[in-house]
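A.B. asks: What follows is the file work.csv, containing CSV, C-alpha atoms:
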chain,number,residue,atom,x,y,z
A,198,MET,CA,46.3,61.0,-25.8
A,199,THR,CA,44.0,63.9,-24.8
A,200,ALA,CA,42.1,63.3,-21.6
A,201,ILE,CA,38.4,63.5,-21.8
A,202,SER,CA,36.5,64.8,-18.8
A,203,LEU,CA,33.7,62.7,-17.6
A,204,GLY,CA,32.8,64.9,-14.7
A,205,ILE,CA,29.4,66.2,-13.6
A,206,PRO,CA,28.4,69.1,-15.9
A,207,THR,CA,28.2,72.5,-14.4
A,208,VAL,CA,24.7,73.6,-13.5
A,209,PRO,CA,23.8,77.3,-13.3
A,210,THR,CA,22.6,78.6,-9.9
A,211,ARG,CA,20.0,80.7,-11.8
A,212,LEU,CA,18.0,79.7,-14.9
A,213,ALA,CA,18.1,83.3,-16.1
A,214,GLU,CA,19.3,86.8,-15.1
A,215,ARG,CA,16.7,88.9,-13.4
A,216,ARG,CA,14.8,91.4,-15.5
A,217,LYS,CA,16.0,94.9,-14.8
A,218,SER,CA,13.1,96.6,-13.1
A,219,ARG,CA,13.0,99.9,-11.2
A,220,GLN,CA,13.0,99.4,-7.4
A,221,ILE,CA,10.4,100.6,-5.0
A,222,GLN,CA,10.3,100.4,-1.2
A,223,VAL,CA,7.3,98.8,0.4
A,224,GLY,CA,7.9,99.6,4.1
A,225,SER,CA,11.1,97.7,5.0
A,226,VAL,CA,11.0,95.5,2.0
A,227,ALA,CA,12.6,96.5,-1.3
A,228,VAL,CA,10.8,95.3,-4.4
A,229,GLY,CA,12.3,95.2,-7.8
A,230,GLY,CA,15.8,96.0,-9.0
A,231,ASP,CA,18.3,93.5,-7.5
A,232,ALA,CA,16.2,92.9,-4.4
A,233,PRO,CA,15.3,89.2,-3.7
A,234,VAL,CA,11.8,88.1,-4.9
A,235,SER,CA,9.5,88.6,-1.9
A,236,VAL,CA,6.5,86.5,-0.8
A,237,GLN,CA,3.2,87.9,0.1
A,238,SER,CA,-0.2,86.8,1.3
A,239,MET,CA,-3.5,88.4,2.3
A,240,THR,CA,-5.5,88.1,5.6
A,241,THR,CA,-8.9,86.5,5.6
A,242,THR,CA,-10.2,88.2,8.7
A,243,ARG,CA,-12.4,91.2,8.8
A,244,THR,CA,-9.9,94.1,8.9
A,245,SER,CA,-12.1,95.9,11.4
A,246,ASP,CA,-11.4,93.0,13.8
A,247,ILE,CA,-8.0,94.4,14.7
A,248,GLY,CA,-7.1,91.6,17.2
A,249,ALA,CA,-7.9,88.8,14.8
A,250,THR,CA,-6.2,90.5,11.9
A,251,LEU,CA,-3.0,91.1,13.9
A,252,GLN,CA,-3.0,87.5,15.1
A,253,GLN,CA,-3.2,86.2,11.5
A,254,ILE,CA,-0.5,88.6,10.5
A,255,ALA,CA,1.7,87.2,13.3
A,256,GLU,CA,1.1,83.7,12.0
A,257,LEU,CA,1.9,84.7,8.5
A,258,THR,CA,5.1,86.4,9.7
A,259,ALA,CA,6.2,83.3,11.5
A,260,SER,CA,5.7,81.3,8.4
A,261,GLY,CA,8.0,83.5,6.3
A,262,CYS,CA,5.6,86.1,4.9
A,263,GLN,CA,7.3,89.4,4.1
A,264,ILE,CA,4.4,91.6,3.0
A,265,VAL,CA,0.8,91.3,3.9
A,266,ARG,CA,-2.3,92.7,2.3
A,267,VAL,CA,-5.6,93.5,4.1
A,268,ALA,CA,-9.0,94.2,2.6
A,269,CYS,CA,-10.7,97.6,3.1
A,270,PRO,CA,-14.3,97.5,1.9
A,271,THR,CA,-15.8,99.5,4.7
A,272,GLN,CA,-15.2,102.6,6.8
A,273,ASP,CA,-14.7,100.4,9.9
A,274,ASP,CA,-11.9,98.6,8.0
A,275,ALA,CA,-10.4,101.9,7.0
A,276,ASP,CA,-10.5,103.1,10.6
A,277,ALA,CA,-8.6,100.0,11.7
A,278,LEU,CA,-5.7,100.5,9.3
A,279,ALA,CA,-3.6,102.8,11.4
A,280,THR,CA,-3.4,100.5,14.3
A,281,ILE,CA,-2.8,97.4,12.2
A,282,ALA,CA,-0.1,99.2,10.2
A,283,ARG,CA,1.6,100.4,13.4
A,284,LYS,CA,1.5,97.1,15.2
A,285,SER,CA,2.3,94.7,12.3
A,286,SER,CA,6.0,93.5,12.2
A,287,ILE,CA,5.8,93.3,8.4
A,288,PRO,CA,4.7,95.9,5.8
A,289,VAL,CA,0.9,96.2,5.4
A,290,ILE,CA,-0.7,96.9,2.1
A,291,ALA,CA,-4.3,98.2,2.0
A,292,ASP,CA,-6.4,96.5,-0.7
A,293,ILE,CA,-8.9,99.0,-2.1
A,294,HIS,CA,-11.9,98.5,-4.4
A,295,PHE,CA,-14.8,100.6,-5.5
A,296,GLN,CA,-14.3,103.5,-3.1
A,297,PRO,CA,-11.4,105.9,-3.8
A,298,LYS,CA,-11.9,107.6,-0.4
A,299,TYR,CA,-10.3,104.5,1.2
A,300,VAL,CA,-7.1,105.0,-0.8
A,301,PHE,CA,-6.6,108.3,1.0
A,302,ALA,CA,-7.6,106.8,4.3
A,303,ALA,CA,-4.9,104.1,3.8
A,304,ILE,CA,-2.3,106.6,2.9
A,305,ASP,CA,-3.1,108.7,6.0
A,306,ALA,CA,-3.1,105.5,8.1
A,307,GLY,CA,0.6,104.9,7.3
A,308,CYS,CA,0.1,101.7,5.2
A,309,ALA,CA,3.3,100.6,3.5
A,310,ALA,CA,1.5,100.6,0.1
A,311,VAL,CA,-1.9,100.7,-1.4
A,312,ARG,CA,-3.3,98.3,-4.0
A,313,VAL,CA,-5.9,99.7,-6.4
A,314,ASN,CA,-7.9,98.1,-9.2
A,315,PRO,CA,-8.8,100.9,-11.6
A,316,GLY,CA,-11.3,98.7,-13.4
A,317,ASN,CA,-13.7,98.7,-10.5
A,318,ILE,CA,-13.2,102.1,-9.0
A,319,LYS,CA,-15.8,104.6,-10.4
A,320,GLN,CA,-14.3,107.6,-12.1
A,321,PHE,CA,-10.8,106.4,-11.0
A,322,ASP,CA,-9.0,108.3,-13.8
A,323,ASP,CA,-10.4,111.6,-12.4
A,324,LYS,CA,-8.9,110.8,-9.0
A,325,VAL,CA,-5.4,109.9,-10.2
A,326,LYS,CA,-4.0,113.4,-9.7
A,327,GLU,CA,-5.2,113.6,-6.1
A,328,ILE,CA,-4.0,110.1,-5.3
A,329,ALA,CA,-0.6,110.7,-6.9
A,330,LYS,CA,-0.1,113.8,-4.8
A,331,ALA,CA,-1.2,112.2,-1.5
A,332,ALA,CA,0.9,109.0,-2.1
A,333,GLY,CA,3.9,111.1,-3.3
A,334,ASP,CA,3.8,113.3,-0.3
A,335,ALA,CA,3.6,110.3,2.1
A,336,GLY,CA,6.1,108.2,0.2
A,337,THR,CA,3.5,105.4,-0.3
A,338,PRO,CA,3.9,103.1,-3.3
A,339,ILE,CA,0.9,102.2,-5.4
A,340,ARG,CA,0.2,98.7,-6.9
A,341,ILE,CA,-2.0,98.9,-9.9
A,342,GLY,CA,-3.7,95.5,-9.8
A,343,VAL,CA,-5.5,94.5,-13.0
A,344,ASN,CA,-7.7,91.4,-12.7
A,345,ALA,CA,-9.4,89.5,-15.5
A,346,GLY,CA,-12.7,89.5,-13.6
A,347,SER,CA,-12.8,93.3,-13.1
A,348,LEU,CA,-11.3,94.7,-16.3
A,349,ASP,CA,-12.2,98.2,-17.4
A,350,ALA,CA,-15.4,98.1,-19.4
A,351,ARG,CA,-13.8,100.1,-22.2
A,352,LEU,CA,-11.2,97.4,-22.7
A,353,LEU,CA,-13.6,94.6,-22.5
A,354,LYS,CA,-15.6,96.2,-25.3
A,355,LYS,CA,-12.4,96.7,-27.3
A,356,TYR,CA,-10.9,93.2,-26.9
A,357,GLY,CA,-14.1,91.2,-26.3
A,358,LYS,CA,-12.6,89.5,-23.2
A,359,ALA,CA,-9.7,89.7,-20.8
A,360,THR,CA,-6.9,88.9,-23.2
A,361,PRO,CA,-3.2,89.4,-22.3
A,362,GLU,CA,-3.2,92.5,-24.5
A,363,ALA,CA,-6.3,93.9,-22.7
A,364,LEU,CA,-4.7,93.3,-19.2
A,365,VAL,CA,-1.4,95.0,-20.3
A,366,GLU,CA,-3.1,97.9,-21.9
A,367,SER,CA,-5.2,98.6,-18.9
A,368,ALA,CA,-2.2,98.5,-16.5
A,369,LEU,CA,0.1,100.6,-18.7
A,370,TRP,CA,-2.7,103.2,-19.3
A,371,GLU,CA,-3.3,103.7,-15.6
A,372,ALA,CA,0.4,103.7,-14.8
A,373,SER,CA,0.9,106.4,-17.4
A,374,LEU,CA,-1.7,108.6,-15.8
A,375,PHE,CA,0.2,108.5,-12.5
A,376,GLU,CA,3.5,109.2,-14.3
A,377,GLU,CA,1.9,112.3,-15.9
A,378,HIS,CA,1.6,113.7,-12.4
A,379,GLY,CA,5.2,112.8,-11.5
A,380,PHE,CA,4.4,109.7,-9.5
A,381,ARG,CA,6.7,106.7,-10.3
A,382,ASP,CA,6.6,104.5,-7.2
A,383,ILE,CA,4.4,101.9,-8.9
A,384,LYS,CA,4.3,98.1,-9.2
A,385,ILE,CA,1.9,96.3,-11.4
A,386,SER,CA,0.1,93.0,-11.5
A,387,VAL,CA,-2.0,91.6,-14.4
A,388,LYS,CA,-3.7,88.5,-12.9
A,389,HIS,CA,-5.8,85.9,-14.6
A,390,ASN,CA,-7.1,82.5,-13.5
A,391,ASP,CA,-5.7,80.8,-16.6
A,392,PRO,CA,-1.9,80.4,-16.2
A,393,VAL,CA,-1.3,80.5,-20.0
A,394,VAL,CA,-3.1,83.9,-20.3
A,395,MET,CA,-1.4,85.1,-17.1
A,396,VAL,CA,2.1,84.2,-18.3
A,397,GLU,CA,1.7,85.8,-21.7
A,398,ALA,CA,0.3,89.0,-20.1
A,399,TYR,CA,3.3,89.3,-17.8
A,400,ARG,CA,5.7,88.6,-20.7
A,401,GLN,CA,4.2,91.4,-22.7
A,402,LEU,CA,4.2,93.7,-19.7
A,403,ALA,CA,7.9,92.9,-18.9
A,404,ALA,CA,8.9,93.7,-22.5
A,405,GLN,CA,7.0,97.0,-22.6
A,406,SER,CA,8.0,98.5,-19.2
A,407,ASP,CA,10.5,98.5,-16.3
A,408,TYR,CA,7.9,98.5,-13.5
A,409,PRO,CA,8.4,95.9,-10.7
A,410,LEU,CA,5.9,93.1,-11.2
A,411,HIS,CA,3.8,91.3,-8.6
A,412,LEU,CA,3.0,87.8,-9.9
A,413,GLY,CA,-0.3,86.0,-9.2
A,414,VAL,CA,-2.7,83.6,-10.7
A,415,THR,CA,-5.9,85.0,-9.4
A,416,GLU,CA,-8.6,82.7,-8.0
A,417,ALA,CA,-6.2,79.8,-8.5
A,418,GLY,CA,-8.5,77.4,-6.7
A,419,PRO,CA,-8.3,74.8,-3.8
A,420,ALA,CA,-4.9,74.0,-2.4
A,421,PHE,CA,-3.9,71.2,-4.8
A,422,GLN,CA,-5.1,72.8,-8.0
A,423,GLY,CA,-4.0,76.3,-7.0
A,424,THR,CA,-0.5,75.1,-6.0
A,425,ILE,CA,-0.1,73.4,-9.4
A,426,LYS,CA,-1.4,76.4,-11.4
A,427,SER,CA,0.8,78.9,-9.4
A,428,ALA,CA,3.9,76.7,-9.6
A,429,VAL,CA,3.5,76.3,-13.4
A,430,ALA,CA,2.9,80.0,-14.0
A,431,PHE,CA,5.5,81.4,-11.5
A,432,GLY,CA,8.0,78.8,-12.7
A,433,ALA,CA,7.6,79.9,-16.4
A,434,LEU,CA,8.1,83.6,-15.5
A,435,LEU,CA,10.7,83.4,-12.7
A,436,SER,CA,12.8,81.1,-14.8
A,437,GLN,CA,13.0,83.9,-17.4
A,438,GLY,CA,13.9,86.5,-14.7
A,439,ILE,CA,10.4,88.0,-14.7
A,440,GLY,CA,8.8,88.8,-11.3
A,441,ASP,CA,9.7,90.7,-8.2
A,442,THR,CA,7.2,89.7,-5.6
A,443,ILE,CA,4.6,86.9,-5.6
A,444,ARG,CA,1.3,85.8,-4.0
A,445,VAL,CA,0.0,82.3,-4.3
A,446,SER,CA,-3.8,82.6,-4.2
A,447,LEU,CA,-5.3,79.5,-2.7
A,448,SER,CA,-8.7,78.6,-1.3
A,449,ALA,CA,-6.9,77.6,1.9
A,450,PRO,CA,-5.5,79.2,5.0
A,451,PRO,CA,-3.1,82.1,4.1
A,452,VAL,CA,-0.1,80.3,5.8
A,453,GLU,CA,-0.4,77.6,3.2
A,454,GLU,CA,0.1,80.2,0.5
A,455,ILE,CA,3.4,81.2,2.1
A,456,LYS,CA,4.6,77.6,2.3
A,457,VAL,CA,3.9,77.1,-1.4
A,458,GLY,CA,5.4,80.5,-2.4
A,459,ILE,CA,8.6,79.9,-0.5
A,460,GLN,CA,8.9,76.4,-1.9
A,461,ILE,CA,8.6,77.7,-5.4
A,462,LEU,CA,11.4,80.2,-4.9
A,463,GLU,CA,13.6,77.6,-3.2
A,464,SER,CA,13.1,75.2,-6.1
A,465,LEU,CA,14.3,77.9,-8.5
A,466,ASN,CA,17.2,78.8,-6.3
A,467,LEU,CA,15.7,82.3,-5.9
A,468,ARG,CA,15.8,81.9,-2.1
A,469,GLN,CA,18.1,80.2,0.3
A,470,ARG,CA,17.0,76.5,0.4
A,471,ARG,CA,16.1,75.2,3.8
A,472,LEU,CA,15.3,71.6,4.6
A,473,GLU,CA,14.9,69.5,1.4
A,474,ILE,CA,13.9,65.9,1.5
A,475,VAL,CA,15.0,63.9,-1.6
A,476,SER,CA,13.0,60.7,-1.6
A,477,CYS,CA,12.2,58.1,-4.3
A,478,PRO,CA,8.6,57.5,-5.4
A,479,SER,CA,9.0,53.8,-4.6
A,480,CYS,CA,8.6,50.9,-7.0
A,481,GLY,CA,8.8,47.2,-7.0
A,482,ARG,CA,12.5,47.3,-6.2
A,483,ALA,CA,11.9,49.0,-2.8
A,484,GLN,CA,12.6,46.8,0.2
A,485,VAL,CA,11.4,49.3,2.8
A,486,ASP,CA,8.3,51.4,3.2
A,487,VAL,CA,9.7,54.6,1.6
A,488,TYR,CA,6.5,56.6,2.1
A,489,LYS,CA,6.5,56.0,5.8
A,490,LEU,CA,10.3,56.7,6.1
A,491,ALA,CA,10.0,60.0,4.2
A,492,GLU,CA,7.0,61.2,6.1
A,493,GLU,CA,8.5,60.4,9.5
A,494,VAL,CA,11.9,62.0,8.6
A,495,THR,CA,10.0,65.1,7.3
A,496,ALA,CA,7.9,65.4,10.5
A,497,GLY,CA,11.0,64.9,12.7
A,498,LEU,CA,12.9,67.7,11.0
A,499,ASP,CA,9.9,70.1,10.7
A,500,GLY,CA,11.0,73.7,11.4
A,501,MET,CA,14.6,73.2,10.5
A,502,THR,CA,15.8,76.3,8.6
A,503,VAL,CA,19.4,75.5,7.6
A,504,PRO,CA,19.9,74.4,3.9
A,505,LEU,CA,20.1,70.7,4.6
A,506,ARG,CA,19.4,68.1,1.9
A,507,VAL,CA,18.4,64.7,3.2
A,508,ALA,CA,18.0,61.7,0.9
A,509,VAL,CA,15.6,58.9,1.8
A,510,MET,CA,16.0,56.1,-0.7
A,511,GLY,CA,14.4,52.7,-0.8
A,512,CYS,CA,16.7,50.5,-2.9
A,513,VAL,CA,20.3,50.0,-4.2
A,514,VAL,CA,19.7,51.3,-7.7
A,515,ASN,CA,19.6,55.0,-7.2
A,516,GLY,CA,19.9,55.0,-3.4
A,517,PRO,CA,23.6,55.1,-2.8
A,518,GLY,CA,24.2,57.8,-5.5
A,519,GLU,CA,21.4,60.1,-4.2
A,520,ALA,CA,22.5,59.5,-0.6
A,521,ARG,CA,26.1,60.5,-1.5
A,522,GLU,CA,25.0,63.7,-3.2
A,523,ALA,CA,23.0,64.8,-0.2
A,524,ASP,CA,24.3,66.3,3.1
A,525,LEU,CA,22.7,63.3,4.8
A,526,GLY,CA,21.1,60.2,3.4
A,527,VAL,CA,20.1,56.6,3.7
A,528,ALA,CA,20.2,53.8,1.1
A,529,SER,CA,17.8,51.2,2.4
A,530,GLY,CA,17.4,47.5,1.7
A,531,ASN,CA,17.3,44.0,3.2
A,532,GLY,CA,15.9,45.4,6.5
A,533,LYS,CA,18.7,47.8,7.1
A,534,GLY,CA,20.0,51.2,6.0
A,535,GLN,CA,23.4,52.6,5.1
A,536,ILE,CA,23.7,56.1,6.6
A,537,PHE,CA,25.7,58.6,4.5
A,538,VAL,CA,27.1,61.9,5.8
A,539,LYS,CA,28.7,64.2,3.2
A,540,GLY,CA,29.0,61.2,0.8
A,541,GLU,CA,30.6,58.8,3.3
A,542,VAL,CA,29.0,55.8,4.9
A,543,ILE,CA,29.2,56.4,8.7
A,544,LYS,CA,27.1,53.4,9.9
A,545,THR,CA,24.6,50.7,9.0
A,546,VAL,CA,21.5,50.5,11.1
A,547,PRO,CA,18.5,48.2,11.2
A,548,GLU,CA,15.4,49.5,9.5
A,549,SER,CA,13.7,50.3,12.8
A,550,LYS,CA,16.5,52.7,13.7
A,551,ILE,CA,16.7,54.6,10.3
A,552,VAL,CA,14.5,57.5,11.2
A,553,GLU,CA,15.9,58.0,14.7
A,554,THR,CA,19.5,57.9,13.3
A,555,LEU,CA,18.7,60.3,10.4
A,556,ILE,CA,17.2,62.9,12.8
A,557,GLU,CA,20.1,62.6,15.2
A,558,GLU,CA,22.7,63.1,12.4
A,559,ALA,CA,20.6,65.9,10.9
A,560,LEU,CA,20.6,67.8,14.1
A,561,LYS,CA,24.4,67.4,14.4
A,562,ILE,CA,24.9,68.7,10.9
A,563,ALA,CA,22.5,71.6,11.4
A,564,GLU,CA,24.3,72.7,14.6
A,565,GLN,CA,27.6,72.6,12.8
A,566,MET,CA,26.2,74.5,9.8
A,567,GLU,CA,24.9,77.2,12.1
A,568,LYS,CA,28.3,77.5,13.8
A,569,ASP,CA,30.0,77.8,10.4
A,570,GLY,CA,27.5,80.4,9.2
A,571,VAL,CA,26.3,78.2,6.3
A,572,ALA,CA,22.7,79.0,7.0
A,573,SER,CA,23.1,82.5,5.7
A,574,GLY,CA,25.1,81.6,2.6
A,575,GLU,CA,24.1,81.3,-1.1
A,576,PRO,CA,21.9,78.4,-2.3
A,577,THR,CA,23.7,75.6,-4.0
A,578,VAL,CA,22.7,73.1,-6.7
A,579,ALA,CA,23.2,69.5,-6.0
A,580,ILE,CA,22.9,66.8,-8.7
A,581,GLY,CA,20.9,63.7,-8.0
A,582,ALA,CA,21.3,60.3,-9.6
Please rewrite the model in this file as C-alpha cells.
C.D. replies:
Amino acid sequence: MTAISLGIPTVPTRLAERRKSRQIQVGSVAVGGDAPVSVQSMTTTRTSDIGATLQQIAELTASGCQIVRVACPTQDDADALATIARKSSIPVIADIHFQPKYVFAAIDAGCAAVRVNPGNIKQFDDKVKEIAKAAGDAGTPIRIGVNAGSLDARLLKKYGKATPEALVESALWEASLFEEHGFRDIKISVKHNDPVVMVEAYRQLAAQSDYPLHLGVTEAGPAFQGTIKSAVAFGALLSQGIGDTIRVSLSAPPVEEIKVGIQILESLNLRQRRLEIVSCPSCGRAQVDVYKLAEEVTAGLDGMTVPLRVAVMGCVVNGPGEAREADLGVASGNGKGQIFVKGEVIKTVPESKIVETLIEEALKIAEQMEKDGVASGEPTVAIGA
C-alpha cells in the first residue's frame, strides 16, 4: 500500500519573486535590484530648526527608519540642509516643490537624494538638463514623485483626472527627459489617496519600466485609516514583487509610520521578523482574560528584536496547537496555563503567574538565540492552528 503524506504543506517564504529593477544608491542604502525593501519617513519639524529636525531624525533612526525626507520650502530650510545631511546617521532626502533653485541647493548641500514633483515646479522641463548635470556630477539620485493632487496640468486636461494612466505617463515622461541627458539614477513614485488607483498605477509603471519604485498611499489619513489603506495597497504590490522602498503616510507622529511600515514588511516575510505575538480574538470558550494577557505580554517584551513568536491562547480548542507551533506559548484554561517552549510543555502555572513566566522564558530564549546568531538569520514561516 502506498503511504499518503498527511504532513503540513510547504509554505513559500516569499509570495512572489522581486521585480527586477535597476539599483540606485541613496547614501548608504541601496534601493532596487536585490536590495531589501527599505522603510522611509518624513520629518514634521521646520527644516530650518536644525536641532529639532536632527532630534526627530534620531528618534526615527532608533525606530528603524532607514531613509528620511525633509521639506525644503524656503531659503532658510535650504541653508540648513548641509548641516542636517552631515549630522544625520541615515541618508537625508530633500523634498522640493515649486522652486527649482532648491534642487541645486540640496545637491550642493550633500543630500543623499532629491525628491522633485515636476507637476508643481514651474518650467521644470526647461531645468532638467541643468539638474541632470548637477546631480550626475555629485552622484545624487533623483526621485520623480508624481502625486494625484499636483498632476501636470497638461495631463489633467488630457485624462480629465488623476487616473493611473495619467500618473504613469507623467512619471515616465519626466524620467525620459533626464535619460535624454544621460542621467539614470532615478526612482519613481506615483502616489494616490485611493489604494485601488495607486495599486493600478504602480502595476502599470512596473510593467513599462525598470525604475526602482517608492511606494506610498499619499494623504492616507489618520493612524487607523491610513494604516489599513497602506497595508492593503502595499500588500497587493509587494506580494507581487513590486516595490523597492516604502513610506506609510499617516496623520500621526513619524515614528508611527515606521512601526507600521516595518510590520507590513515583516508580515510579508520581506524583513526579518522580530517579536510576534500570536493571540486569539477571544470568544465564549475563553476561560481567561486573553486581551489583558496579550497586552501585558506585549508590553513586557517591548523592544525585543530577535525573531521570537509568542502564542497567547485562551482555550483548549486552538490553544495547544498554536502554542506548540510558536517558540514560546501558553494554552490557558481553568485558572492555569500550560507553558510551551519549542513545542514541549515545560510547566503549568496559575493564571496569576502566566505573564511573569512567559516573560522570563522569552528572555531566556532570546538570550540563547542571540548567542546562536539566530537574530541575524532569514525569516521563517510558522503555521498556526
A.B. asks: Please tell me which residues are no farther than 10 Å from (-3.6, 83.8, 10.3) in the file, counting all atoms listed in the file, and write them as a list in words.
C.D. replies: Met239, Thr240, Thr241, Thr242, Ala249, Thr250, Leu251, Gln252, Gln253, Ile254, Ala255, Glu256, Leu257, Thr258, Ala259, Ser260, Pro450, Pro451, Val452 and Glu453 of chain A
A.B. asks: Select, from A:Pro547, A:Gly530, A:Pro270, A:Pro409, the residue with the minimum atom-to-atom distance to Ala232 (chain A), counting only C-alpha atoms.
C.D. replies: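 With only C-alpha atoms as the atom set, the closest residue is A:Pro409.
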A.B. asks: Taking (-9.9, 77.4, -2.7) in the coordinates of the supplied file, I want to know which residues reach to within 6 Å of it, counting all atoms listed in the file; could you give the answer as a CSV table (one decimal) with C-alpha atoms, in the coordinates of the input?
C.D. replies:
chain,number,residue,atom,x,y,z
A,418,GLY,CA,-8.5,77.4,-6.7
A,419,PRO,CA,-8.3,74.8,-3.8
A,447,LEU,CA,-5.3,79.5,-2.7
A,448,SER,CA,-8.7,78.6,-1.3
A,449,ALA,CA,-6.9,77.6,1.9
A.B. asks: Taking into account only C-alpha atoms, which residue in the set A:Ile443, A:Ile459, A:Val552, A:Ala332 is nearest to Ile304 (chain A)?
C.D. replies: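 Nearest to Ile304 (chain A): A:Ala332.
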A.B. asks: Would you kindly return, as a PyMOL selection string, each protein, DNA or RNA residue with an atom no farther than 12 Å from any atom of Arg340 (chain A), considering all atoms listed in the file and excluding same-chain residues fewer than 2 positions away?
C.D. replies: chain A and resi 221-223+228+266+290-293+300+309-315+332+337-338+342-343+368-369+371-372+375+381-387+408-412+442
A.B. asks: Counting all atoms listed in the file, which residue out of A:Ile287, A:Ala404, A:Leu352, A:Val445 sits closest to Lys388 (chain A)?
C.D. replies: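 Checking each candidate against Lys388 (chain A), we get A:Val445 as the closest.
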A.B. asks: Identify which of the residues A:Cys269, A:Leu374, A:Leu505, A:Ile439 lies closest to Asp407 (chain A), counting all atoms listed in the file when measuring atom-to-atom distances.
C.D. replies: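 Closest to Asp407 (chain A), using all atoms listed in the file: A:Ile439.
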A.B. asks: Fewer than 3 positions away in the same chain doesn't count, so skip those; otherwise give me all residues within 8 Å of Leu434 (chain A), counting all atoms listed in the file, as a list in words.
C.D. replies: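 With the cut-off at 8 Å, the set is Val396, Tyr399, Arg400, Ala430, Phe431, Gln437, Gly438, Ile439 and Gly440 of chain A.
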A.B. asks: With N, CA and C atoms retained, output region 518-533 of chain A as a PDB file, in the first residue's frame.
C.D. replies:
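Heads up, here's the output in out-v7.pdb:
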ATOM      1  N   GLY A 518      -2.344  23.742  19.977  1.00  0.00           N
ATOM      2  CA  GLY A 518      -1.728  23.690  18.650  1.00  0.00           C
ATOM      3  C   GLY A 518      -0.929  24.931  18.343  1.00  0.00           C
ATOM      4  N   GLU A 519      -1.509  26.113  18.600  1.00  0.00           N
ATOM      5  CA  GLU A 519      -0.795  27.359  18.342  1.00  0.00           C
ATOM      6  C   GLU A 519       0.419  27.492  19.257  1.00  0.00           C
ATOM      7  N   ALA A 520       0.271  27.098  20.501  1.00  0.00           N
ATOM      8  CA  ALA A 520       1.382  27.205  21.447  1.00  0.00           C
ATOM      9  C   ALA A 520       2.546  26.327  21.012  1.00  0.00           C
ATOM     10  N   ARG A 521       2.232  25.132  20.489  1.00  0.00           N
ATOM     11  CA  ARG A 521       3.306  24.232  20.046  1.00  0.00           C
ATOM     12  C   ARG A 521       4.033  24.763  18.814  1.00  0.00           C
ATOM     13  N   GLU A 522       3.305  25.490  17.939  1.00  0.00           N
ATOM     14  CA  GLU A 522       3.933  25.997  16.721  1.00  0.00           C
ATOM     15  C   GLU A 522       4.814  27.213  16.993  1.00  0.00           C
ATOM     16  N   ALA A 523       4.581  27.889  18.109  1.00  0.00           N
ATOM     17  CA  ALA A 523       5.360  29.077  18.447  1.00  0.00           C
ATOM     18  C   ALA A 523       6.652  28.687  19.160  1.00  0.00           C
ATOM     19  N   ASP A 524       7.576  29.655  19.257  1.00  0.00           N
ATOM     20  CA  ASP A 524       8.793  29.433  20.041  1.00  0.00           C
ATOM     21  C   ASP A 524       8.438  29.283  21.515  1.00  0.00           C
ATOM     22  N   LEU A 525       7.441  30.056  21.906  1.00  0.00           N
ATOM     23  CA  LEU A 525       7.011  30.079  23.301  1.00  0.00           C
ATOM     24  C   LEU A 525       5.509  30.320  23.312  1.00  0.00           C
ATOM     25  N   GLY A 526       4.789  29.649  24.198  1.00  0.00           N
ATOM     26  CA  GLY A 526       3.353  29.872  24.204  1.00  0.00           C
ATOM     27  C   GLY A 526       2.695  29.414  25.479  1.00  0.00           C
ATOM     28  N   VAL A 527       1.439  29.837  25.620  1.00  0.00           N
ATOM     29  CA  VAL A 527       0.639  29.397  26.749  1.00  0.00           C
ATOM     30  C   VAL A 527      -0.739  29.011  26.240  1.00  0.00           C
ATOM     31  N   ALA A 528      -1.222  27.874  26.690  1.00  0.00           N
ATOM     32  CA  ALA A 528      -2.602  27.458  26.457  1.00  0.00           C
ATOM     33  C   ALA A 528      -3.302  27.545  27.804  1.00  0.00           C
ATOM     34  N   SER A 529      -4.273  28.456  27.910  1.00  0.00           N
ATOM     35  CA  SER A 529      -4.853  28.779  29.207  1.00  0.00           C
ATOM     36  C   SER A 529      -6.234  28.167  29.385  1.00  0.00           C
ATOM     37  N   GLY A 530      -6.599  27.944  30.636  1.00  0.00           N
ATOM     38  CA  GLY A 530      -7.925  27.450  30.952  1.00  0.00           C
ATOM     39  C   GLY A 530      -8.009  26.989  32.389  1.00  0.00           C
ATOM     40  N   ASN A 531      -9.206  27.085  32.956  1.00  0.00           N
ATOM     41  CA  ASN A 531      -9.434  26.617  34.326  1.00  0.00           C
ATOM     42  C   ASN A 531      -8.495  27.266  35.335  1.00  0.00           C
ATOM     43  N   GLY A 532      -8.184  28.533  35.117  1.00  0.00           N
ATOM     44  CA  GLY A 532      -7.378  29.259  36.076  1.00  0.00           C
ATOM     45  C   GLY A 532      -5.902  28.950  36.058  1.00  0.00           C
ATOM     46  N   LYS A 533      -5.424  28.298  35.002  1.00  0.00           N
ATOM     47  CA  LYS A 533      -3.999  27.984  34.908  1.00  0.00           C
ATOM     48  C   LYS A 533      -3.565  27.995  33.449  1.00  0.00           C
TER      49      LYS A 533
END
